[in-house]
Protein chains: 2
Amino acid sequence: MKSARNTTAKTEIQELIASSSVALSHSEIQKSLEGLCDRVTIYRVLERLLEEGFIHKIVNVDGVVKYAGCHSCSAKHSHNHIHFSCQKCKSVTCLDDVEPSFKLPKNYKVSEMNFTLSGLCPQCS
Amino acid sequence: MKSARNTTAKTEIQELIASSSVALSHSEIQKSLEGLCDRVTIYRVLERLLEEGFIHKIVNVDGVVKYAGCHSCSAKHSHNHIHFSCQKCKSVTCLDDVEPSFKLPKNYKVSEMNFTLSGLCPQCS
DNA sequence: TATTTAATGCAACAATGTTGCAAAAGTAAT
DNA sequence: ATTACTTTTGCAACATTGTTGCATTAAATA
Ligand SMILES: [Mn+2]
Ligand SMILES: [Mn+2]
Ligand SMILES: [Zn+2]
Ligand SMILES: [Zn+2]
């Protein structure tokens with residue numbers, strides 16, 4: 001039985017993501033932390049926060065990986081919402097209320113979805 | 001006025017992607033070509049094929065970039081179809097006929113979409 | 001305070017993608 | 001076929017992102 005520990009790195013990163021209105025990348029987090037901890041530690045903390053269900057991971061259309069806080073998921077992650085990626089300000093936002101619908105051919109079994117729209121966000125349009 | 005040239009590398013890569021039922025990654029293409037050309041050349045050929053509208057790029061949920069032939073787009077790319085990523089056989093397939101619908105908040109201007117579902121493909125389920 | 005072990009820092013590595021530049025190859029005119 | 005022009009290629013060098021092993025540090029609990 002492994003028990004998680006509250007470290008400054010974990011606390012800082014968790015609060016950073018929780019208080020951000022947009023999803024953050026590893027490098028953005030690193031800049032914000034200003035040398036508080038090592039690069040590798042950030043990766044490992046993010047991994048832990050993912051496992052613990054505090055954050056979720058978003059692979060943007062340009063390949064950039066971002067992290068955002070979880071709102072409506074408790075035990076299991078359930079992210080069937082759309083993400084919006086602004087081509088101008090590069091922000092990635094969770095549109096928690098927007099759930100897409102579609103009709104899939106038979107014999108496909110879905111367990112996860114990743115929907116991202118690109119364009120201009122309200123601030124940039 | 002720059003005029004494109006038909007090279008063996010370009011022809012081979014184009015045919016490889018066109019004849020594949022699933023999307024291919026750079027490394028998969030490189031393996032198939034068996035040293036026909038340099039790593040960098042493959043990147044540059046893919047870039048050209050994208051610009052010329054022969055293929056489209058897919059960033060999978062696991063971050064792996066794949067390329068697939070374009071079917072219904074002529075001048076401009078228009079990819080509003082869903083991609084399916086099999087967690088078992090790792091194949092990425094274009095579901096050209098499946099178009100999702102959703103209701104976006106005001107003031108968001110969409111110019112591109114990237115929808116990927118993960119789970120088990122018909123062969124693996 | 002002492003013990004336990006999770007978490008960190010550091011170095012080293014791997015994968016993926018980019019850039020500059022000289023050499024090679026495709027295209028069209030001669 | 002040869003020439004001239006320009007695209008394309010190969011190679012080396014580099015950047016970014018992410019991973020792993022291992023010794024050290026530091027939480028949590030007794
Ligand atoms: Mn989200
Ligand atoms: Mn497709
Ligand atoms: Zn914006
Ligand atoms: Zn499969």
# chains A, B, ... in the order shown; residues from 1 in each chain; ligands from 1
>>> interface_residues(of="chain B", to="chain D", cutoff="10 Å", atoms="only C-alpha atoms (C1' of nucleotides)", output="number ranges by chain")
B: 2-7, 9-10, 37-41, 44-45
>>> write_last_selection(atoms="C-alpha atoms", output="PDB file, in the first residue's frame")
ATOM      1  CA  LYS B   2       7.909  26.604 -58.186  1.00  0.00           C
ATOM      2  CA  SER B   3       7.037  23.431 -60.039  1.00  0.00           C
ATOM      3  CA  ALA B   4       6.898  20.156 -58.140  1.00  0.00           C
ATOM      4  CA  ARG B   5       9.017  17.246 -59.334  1.00  0.00           C
ATOM      5  CA  ASN B   6       8.274  13.559 -59.304  1.00  0.00           C
ATOM      6  CA  THR B   7      10.932  11.776 -57.363  1.00  0.00           C
ATOM      7  CA  ALA B   9      10.806   8.985 -52.718  1.00  0.00           C
ATOM      8  CA  LYS B  10       7.665  11.019 -53.245  1.00  0.00           C
ATOM      9  CA  CYS B  37      15.753   7.589 -48.651  1.00  0.00           C
ATOM     10  CA  ASP B  38      16.787   9.582 -45.621  1.00  0.00           C
ATOM     11  CA  ARG B  39      14.662  10.190 -42.525  1.00  0.00           C
ATOM     12  CA  VAL B  40      14.591  13.902 -43.254  1.00  0.00           C
ATOM     13  CA  THR B  41      13.437  13.360 -46.813  1.00  0.00           C
ATOM     14  CA  ARG B  44       9.873  16.820 -46.281  1.00  0.00           C
ATOM     15  CA  VAL B  45       7.921  14.647 -48.694  1.00  0.00           C
TER      16      VAL B  45
END
>>> closest_atom_pairs(of="chain A", to="ligand 4", cutoff="12 Å", atoms="only C-alpha atoms and all ligand atoms", output="CSV")
residue,atom,partner,partner_atom_place_in_ligand_line,distance
A:Asn107,CA,ligand 4,1 (Zn),10.9
A:Tyr108,CA,ligand 4,1 (Zn),9.4
A:Lys109,CA,ligand 4,1 (Zn),10.1
A:Val110,CA,ligand 4,1 (Zn),11.7
>>> residues_near_ligand(ligand="ligand 3", cutoff="12 Å", atoms="only C-alpha atoms (C1' of nucleotides) and all ligand atoms", output="PyMOL selection string")
(chain A and resi 22+84-93+118-125) or (chain B and resi 107-110)
>>> atom_distance(atom1="C1' of DC21 in chain C", atom2="CA of Arg48 in chain B")
20.4 Å
>>> residues_near_ligand(ligand="ligand 1", cutoff="9 Å", atoms="only C-alpha atoms (C1' of nucleotides) and all ligand atoms", output="PyMOL selection string")
chain A and resi 23+55-58+67-71+79-83+92-96
>>> interface_residues(of="chain C", to="chain B", cutoff="10 Å", atoms="only C-alpha atoms (C1' of nucleotides)", output="PyMOL selection string")
chain C and resi 16-18+25-27
>>> write_last_selection(atoms="N, CA, C and O atoms (P, O5', C5', C4', C3', O3' and C1' of nucleotides)", output="PDB file, in the first residue's frame")
ATOM      1  P    DT C  16       9.383   7.874 -32.540  1.00  0.00           P
ATOM      2  O5'  DT C  16       9.362   9.430 -32.851  1.00  0.00           O
ATOM      3  C5'  DT C  16       8.628  10.281 -31.985  1.00  0.00           C
ATOM      4  C4'  DT C  16       8.892  11.716 -32.349  1.00  0.00           C
ATOM      5  C3'  DT C  16       8.753  12.031 -33.842  1.00  0.00           C
ATOM      6  O3'  DT C  16       7.746  13.022 -33.993  1.00  0.00           O
ATOM      7  C1'  DT C  16      10.720  12.997 -32.926  1.00  0.00           C
ATOM      8  P    DG C  17       7.150  13.383 -35.444  1.00  0.00           P
ATOM      9  O5'  DG C  17       7.887  14.737 -35.819  1.00  0.00           O
ATOM     10  C5'  DG C  17       7.828  15.817 -34.897  1.00  0.00           C
ATOM     11  C4'  DG C  17       8.948  16.792 -35.166  1.00  0.00           C
ATOM     12  C3'  DG C  17       9.072  17.257 -36.626  1.00  0.00           C
ATOM     13  O3'  DG C  17       8.767  18.642 -36.677  1.00  0.00           O
ATOM     14  C1'  DG C  17      11.182  16.847 -35.625  1.00  0.00           C
ATOM     15  P    DT C  18       8.906  19.468 -38.044  1.00  0.00           P
ATOM     16  O5'  DT C  18      10.302  20.211 -37.874  1.00  0.00           O
ATOM     17  C5'  DT C  18      10.561  20.918 -36.677  1.00  0.00           C
ATOM     18  C4'  DT C  18      11.856  21.700 -36.805  1.00  0.00           C
ATOM     19  C3'  DT C  18      12.035  22.398 -38.150  1.00  0.00           C
ATOM     20  O3'  DT C  18      12.427  23.735 -37.905  1.00  0.00           O
ATOM     21  C1'  DT C  18      13.913  21.019 -37.688  1.00  0.00           C
ATOM     22  P    DA C  25      21.979  11.107 -58.137  1.00  0.00           P
ATOM     23  O5'  DA C  25      20.614  11.783 -58.578  1.00  0.00           O
ATOM     24  C5'  DA C  25      19.581  11.943 -57.621  1.00  0.00           C
ATOM     25  C4'  DA C  25      18.458  12.766 -58.224  1.00  0.00           C
ATOM     26  C3'  DA C  25      18.043  12.345 -59.633  1.00  0.00           C
ATOM     27  O3'  DA C  25      16.644  12.432 -59.726  1.00  0.00           O
ATOM     28  C1'  DA C  25      18.619  14.605 -59.646  1.00  0.00           C
ATOM     29  P    DG C  26      15.836  11.641 -60.890  1.00  0.00           P
ATOM     30  O5'  DG C  26      14.798  12.744 -61.366  1.00  0.00           O
ATOM     31  C5'  DG C  26      13.863  13.263 -60.411  1.00  0.00           C
ATOM     32  C4'  DG C  26      13.294  14.579 -60.919  1.00  0.00           C
ATOM     33  C3'  DG C  26      12.663  14.500 -62.313  1.00  0.00           C
ATOM     34  O3'  DG C  26      11.442  15.222 -62.290  1.00  0.00           O
ATOM     35  C1'  DG C  26      14.378  16.130 -62.305  1.00  0.00           C
ATOM     36  P    DT C  27      10.356  15.071 -63.495  1.00  0.00           P
ATOM     37  O5'  DT C  27      10.606  16.387 -64.352  1.00  0.00           O
ATOM     38  C5'  DT C  27      10.789  17.623 -63.647  1.00  0.00           C
ATOM     39  C4'  DT C  27      10.946  18.779 -64.624  1.00  0.00           C
ATOM     40  C3'  DT C  27      10.410  18.530 -66.030  1.00  0.00           C
ATOM     41  O3'  DT C  27       9.582  19.627 -66.395  1.00  0.00           O
ATOM     42  C1'  DT C  27      12.692  19.225 -66.122  1.00  0.00           C
TER      43       DT C  27
END
>>> select_by_dssp(residues="range 31-106 of chain B", states="alpha helix (DSSP H)", output="mmCIF file with all heavy atoms, in the first residue's frame")
data_model
loop_
_atom_site.group_PDB
_atom_site.id
_atom_site.type_symbol
_atom_site.label_atom_id
_atom_site.label_comp_id
_atom_site.auth_asym_id
_atom_site.auth_seq_id
_atom_site.Cartn_x
_atom_site.Cartn_y
_atom_site.Cartn_z
ATOM 1 N N LYS B 31 10.134 2.288 -42.099
ATOM 2 C CA LYS B 31 10.375 0.837 -42.128
ATOM 3 C C LYS B 31 9.998 0.249 -43.483
ATOM 4 O O LYS B 31 10.749 -0.535 -44.058
ATOM 5 C CB LYS B 31 9.570 0.147 -41.018
ATOM 6 C CG LYS B 31 10.349 0.013 -39.715
ATOM 7 C CD LYS B 31 9.448 -0.530 -38.609
ATOM 8 C CE LYS B 31 9.834 0.072 -37.262
ATOM 9 N NZ LYS B 31 8.661 0.336 -36.399
ATOM 10 N N SER B 32 8.852 0.664 -44.000
ATOM 11 C CA SER B 32 8.387 0.120 -45.281
ATOM 12 C C SER B 32 9.327 0.460 -46.425
ATOM 13 O O SER B 32 9.523 -0.332 -47.330
ATOM 14 C CB SER B 32 6.993 0.657 -45.613
ATOM 15 O OG SER B 32 6.025 0.075 -44.772
ATOM 16 N N LEU B 33 9.912 1.620 -46.365
ATOM 17 C CA LEU B 33 10.772 2.075 -47.459
ATOM 18 C C LEU B 33 12.149 1.407 -47.444
ATOM 19 O O LEU B 33 12.859 1.417 -48.440
ATOM 20 C CB LEU B 33 10.941 3.597 -47.411
ATOM 21 C CG LEU B 33 9.680 4.420 -47.680
ATOM 22 C CD1 LEU B 33 9.989 5.903 -47.618
ATOM 23 C CD2 LEU B 33 9.085 4.069 -49.034
ATOM 24 N N ARG B 39 15.674 9.787 -43.498
ATOM 25 C CA ARG B 39 14.662 10.190 -42.525
ATOM 26 C C ARG B 39 14.091 11.580 -42.828
ATOM 27 O O ARG B 39 12.869 11.774 -42.869
ATOM 28 C CB ARG B 39 15.340 10.262 -41.153
ATOM 29 C CG ARG B 39 14.759 9.433 -40.043
ATOM 30 C CD ARG B 39 15.741 9.384 -38.883
ATOM 31 N NE ARG B 39 16.202 10.694 -38.469
ATOM 32 C CZ ARG B 39 15.482 11.516 -37.693
ATOM 33 N NH1 ARG B 39 14.305 11.152 -37.263
ATOM 34 N NH2 ARG B 39 15.969 12.687 -37.362
ATOM 35 N N VAL B 40 14.991 12.512 -43.031
ATOM 36 C CA VAL B 40 14.591 13.902 -43.254
ATOM 37 C C VAL B 40 13.775 14.044 -44.537
ATOM 38 O O VAL B 40 12.802 14.799 -44.591
ATOM 39 C CB VAL B 40 15.828 14.816 -43.314
ATOM 40 C CG1 VAL B 40 15.414 16.252 -43.531
ATOM 41 C CG2 VAL B 40 16.652 14.675 -42.054
ATOM 42 N N THR B 41 14.164 13.306 -45.543
ATOM 43 C CA THR B 41 13.437 13.360 -46.813
ATOM 44 C C THR B 41 11.986 12.950 -46.618
ATOM 45 O O THR B 41 11.071 13.553 -47.185
ATOM 46 C CB THR B 41 14.108 12.442 -47.850
ATOM 47 O OG1 THR B 41 15.448 12.872 -48.042
ATOM 48 C CG2 THR B 41 13.368 12.474 -49.173
ATOM 49 N N ILE B 42 11.771 11.929 -45.807
ATOM 50 C CA ILE B 42 10.397 11.486 -45.542
ATOM 51 C C ILE B 42 9.590 12.622 -44.927
ATOM 52 O O ILE B 42 8.465 12.883 -45.348
ATOM 53 C CB ILE B 42 10.390 10.256 -44.617
ATOM 54 C CG1 ILE B 42 11.148 9.100 -45.267
ATOM 55 C CG2 ILE B 42 8.955 9.830 -44.290
ATOM 56 C CD1 ILE B 42 11.275 7.870 -44.398
ATOM 57 N N TYR B 43 10.176 13.323 -43.947
ATOM 58 C CA TYR B 43 9.482 14.465 -43.355
ATOM 59 C C TYR B 43 9.135 15.497 -44.416
ATOM 60 O O TYR B 43 8.030 16.044 -44.449
ATOM 61 C CB TYR B 43 10.358 15.116 -42.278
ATOM 62 C CG TYR B 43 10.367 14.389 -40.959
ATOM 63 C CD1 TYR B 43 11.525 13.817 -40.463
ATOM 64 C CD2 TYR B 43 9.201 14.277 -40.195
ATOM 65 C CE1 TYR B 43 11.537 13.140 -39.246
ATOM 66 C CE2 TYR B 43 9.201 13.607 -38.988
ATOM 67 C CZ TYR B 43 10.379 13.041 -38.509
ATOM 68 O OH TYR B 43 10.375 12.385 -37.313
ATOM 69 N N ARG B 44 10.094 15.768 -45.286
ATOM 70 C CA ARG B 44 9.873 16.820 -46.281
ATOM 71 C C ARG B 44 8.865 16.400 -47.344
ATOM 72 O O ARG B 44 8.057 17.215 -47.817
ATOM 73 C CB ARG B 44 11.213 17.218 -46.886
ATOM 74 C CG ARG B 44 12.112 17.866 -45.825
ATOM 75 C CD ARG B 44 13.234 18.692 -46.432
ATOM 76 N NE ARG B 44 14.491 17.964 -46.499
ATOM 77 C CZ ARG B 44 15.677 18.451 -46.107
ATOM 78 N NH1 ARG B 44 15.772 19.664 -45.627
ATOM 79 N NH2 ARG B 44 16.778 17.747 -46.215
ATOM 80 N N VAL B 45 8.897 15.131 -47.718
ATOM 81 C CA VAL B 45 7.921 14.647 -48.694
ATOM 82 C C VAL B 45 6.516 14.709 -48.095
ATOM 83 O O VAL B 45 5.569 15.154 -48.753
ATOM 84 C CB VAL B 45 8.249 13.202 -49.129
ATOM 85 C CG1 VAL B 45 7.076 12.577 -49.870
ATOM 86 C CG2 VAL B 45 9.496 13.176 -49.999
ATOM 87 N N LEU B 46 6.391 14.304 -46.826
ATOM 88 C CA LEU B 46 5.086 14.344 -46.166
ATOM 89 C C LEU B 46 4.549 15.769 -46.119
ATOM 90 O O LEU B 46 3.373 16.021 -46.364
ATOM 91 C CB LEU B 46 5.191 13.757 -44.754
ATOM 92 C CG LEU B 46 5.388 12.242 -44.681
ATOM 93 C CD1 LEU B 46 5.703 11.797 -43.258
ATOM 94 C CD2 LEU B 46 4.169 11.516 -45.208
ATOM 95 N N GLU B 47 5.441 16.692 -45.843
ATOM 96 C CA GLU B 47 5.081 18.108 -45.805
ATOM 97 C C GLU B 47 4.531 18.553 -47.170
ATOM 98 O O GLU B 47 3.511 19.233 -47.255
ATOM 99 C CB GLU B 47 6.344 18.904 -45.480
ATOM 100 C CG GLU B 47 6.139 20.258 -44.849
ATOM 101 C CD GLU B 47 7.496 20.870 -44.482
ATOM 102 O OE1 GLU B 47 8.499 20.098 -44.441
ATOM 103 O OE2 GLU B 47 7.567 22.090 -44.260
ATOM 104 N N ARG B 48 5.212 18.118 -48.224
ATOM 105 C CA ARG B 48 4.785 18.478 -49.571
ATOM 106 C C ARG B 48 3.434 17.858 -49.918
ATOM 107 O O ARG B 48 2.555 18.518 -50.471
ATOM 108 C CB ARG B 48 5.828 18.000 -50.587
ATOM 109 C CG ARG B 48 6.586 19.131 -51.251
ATOM 110 C CD ARG B 48 7.584 18.590 -52.231
ATOM 111 N NE ARG B 48 8.667 17.880 -51.556
ATOM 112 C CZ ARG B 48 9.397 16.918 -52.107
ATOM 113 N NH1 ARG B 48 9.127 16.504 -53.332
ATOM 114 N NH2 ARG B 48 10.368 16.355 -51.424
ATOM 115 N N LEU B 49 3.276 16.580 -49.557
ATOM 116 C CA LEU B 49 2.012 15.903 -49.849
ATOM 117 C C LEU B 49 0.844 16.544 -49.096
ATOM 118 O O LEU B 49 -0.273 16.587 -49.593
ATOM 119 C CB LEU B 49 2.118 14.414 -49.501
ATOM 120 C CG LEU B 49 3.063 13.584 -50.376
ATOM 121 C CD1 LEU B 49 3.184 12.158 -49.857
ATOM 122 C CD2 LEU B 49 2.587 13.584 -51.824
ATOM 123 N N LEU B 50 1.127 17.055 -47.910
ATOM 124 C CA LEU B 50 0.105 17.765 -47.145
ATOM 125 C C LEU B 50 -0.311 19.029 -47.866
ATOM 126 O O LEU B 50 -1.500 19.297 -48.068
ATOM 127 C CB LEU B 50 0.632 18.117 -45.753
ATOM 128 C CG LEU B 50 0.667 17.011 -44.701
ATOM 129 C CD1 LEU B 50 1.430 17.456 -43.468
ATOM 130 C CD2 LEU B 50 -0.744 16.593 -44.317
ATOM 131 N N GLU B 51 0.689 19.814 -48.264
ATOM 132 C CA GLU B 51 0.419 21.065 -48.974
ATOM 133 C C GLU B 51 -0.346 20.833 -50.265
ATOM 134 O O GLU B 51 -1.253 21.584 -50.608
ATOM 135 C CB GLU B 51 1.736 21.775 -49.310
ATOM 136 C CG GLU B 51 2.377 22.495 -48.138
ATOM 137 C CD GLU B 51 3.779 22.989 -48.488
ATOM 138 O OE1 GLU B 51 4.164 22.896 -49.671
ATOM 139 O OE2 GLU B 51 4.488 23.446 -47.561
#
>>> atom_distance(atom1="CA of Asp62 in chain A", atom2="CA of Ile29 in chain A")
18.4 Å
>>> select_by_dssp(residues="chain A", states="strand (DSSP E)", output="PyMOL selection string")
chain A and resi 24-25+55-59+65-69+82-86+92-95+109-120
>>> atom_distance(atom1="CA of Thr116 in chain A", atom2="CA of Pro105 in chain B")
14.4 Å
>>> residues_around(residues="Lys103 in chain B", least_positions_apart="6", cutoff="9 Å", atoms="only C-alpha atoms (C1' of nucleotides)", output="PyMOL selection string")
chain A and resi 98-100
>>> write_last_selection(atoms="N, CA, C and O atoms", output="PDB file, in the first residue's frame")
ATOM      1  N   VAL A  98     -20.069  21.080 -23.545  1.00  0.00           N
ATOM      2  CA  VAL A  98     -20.334  20.711 -24.936  1.00  0.00           C
ATOM      3  C   VAL A  98     -20.008  19.233 -25.189  1.00  0.00           C
ATOM      4  O   VAL A  98     -18.850  18.830 -25.204  1.00  0.00           O
ATOM      5  N   GLU A  99     -21.058  18.436 -25.365  1.00  0.00           N
ATOM      6  CA  GLU A  99     -20.870  17.020 -25.657  1.00  0.00           C
ATOM      7  C   GLU A  99     -21.333  16.717 -27.068  1.00  0.00           C
ATOM      8  O   GLU A  99     -22.491  16.925 -27.401  1.00  0.00           O
ATOM      9  N   PRO A 100     -20.463  16.211 -27.899  1.00  0.00           N
ATOM     10  CA  PRO A 100     -20.823  15.927 -29.283  1.00  0.00           C
ATOM     11  C   PRO A 100     -21.607  14.617 -29.386  1.00  0.00           C
ATOM     12  O   PRO A 100     -21.507  13.754 -28.520  1.00  0.00           O
TER      13      PRO A 100
END
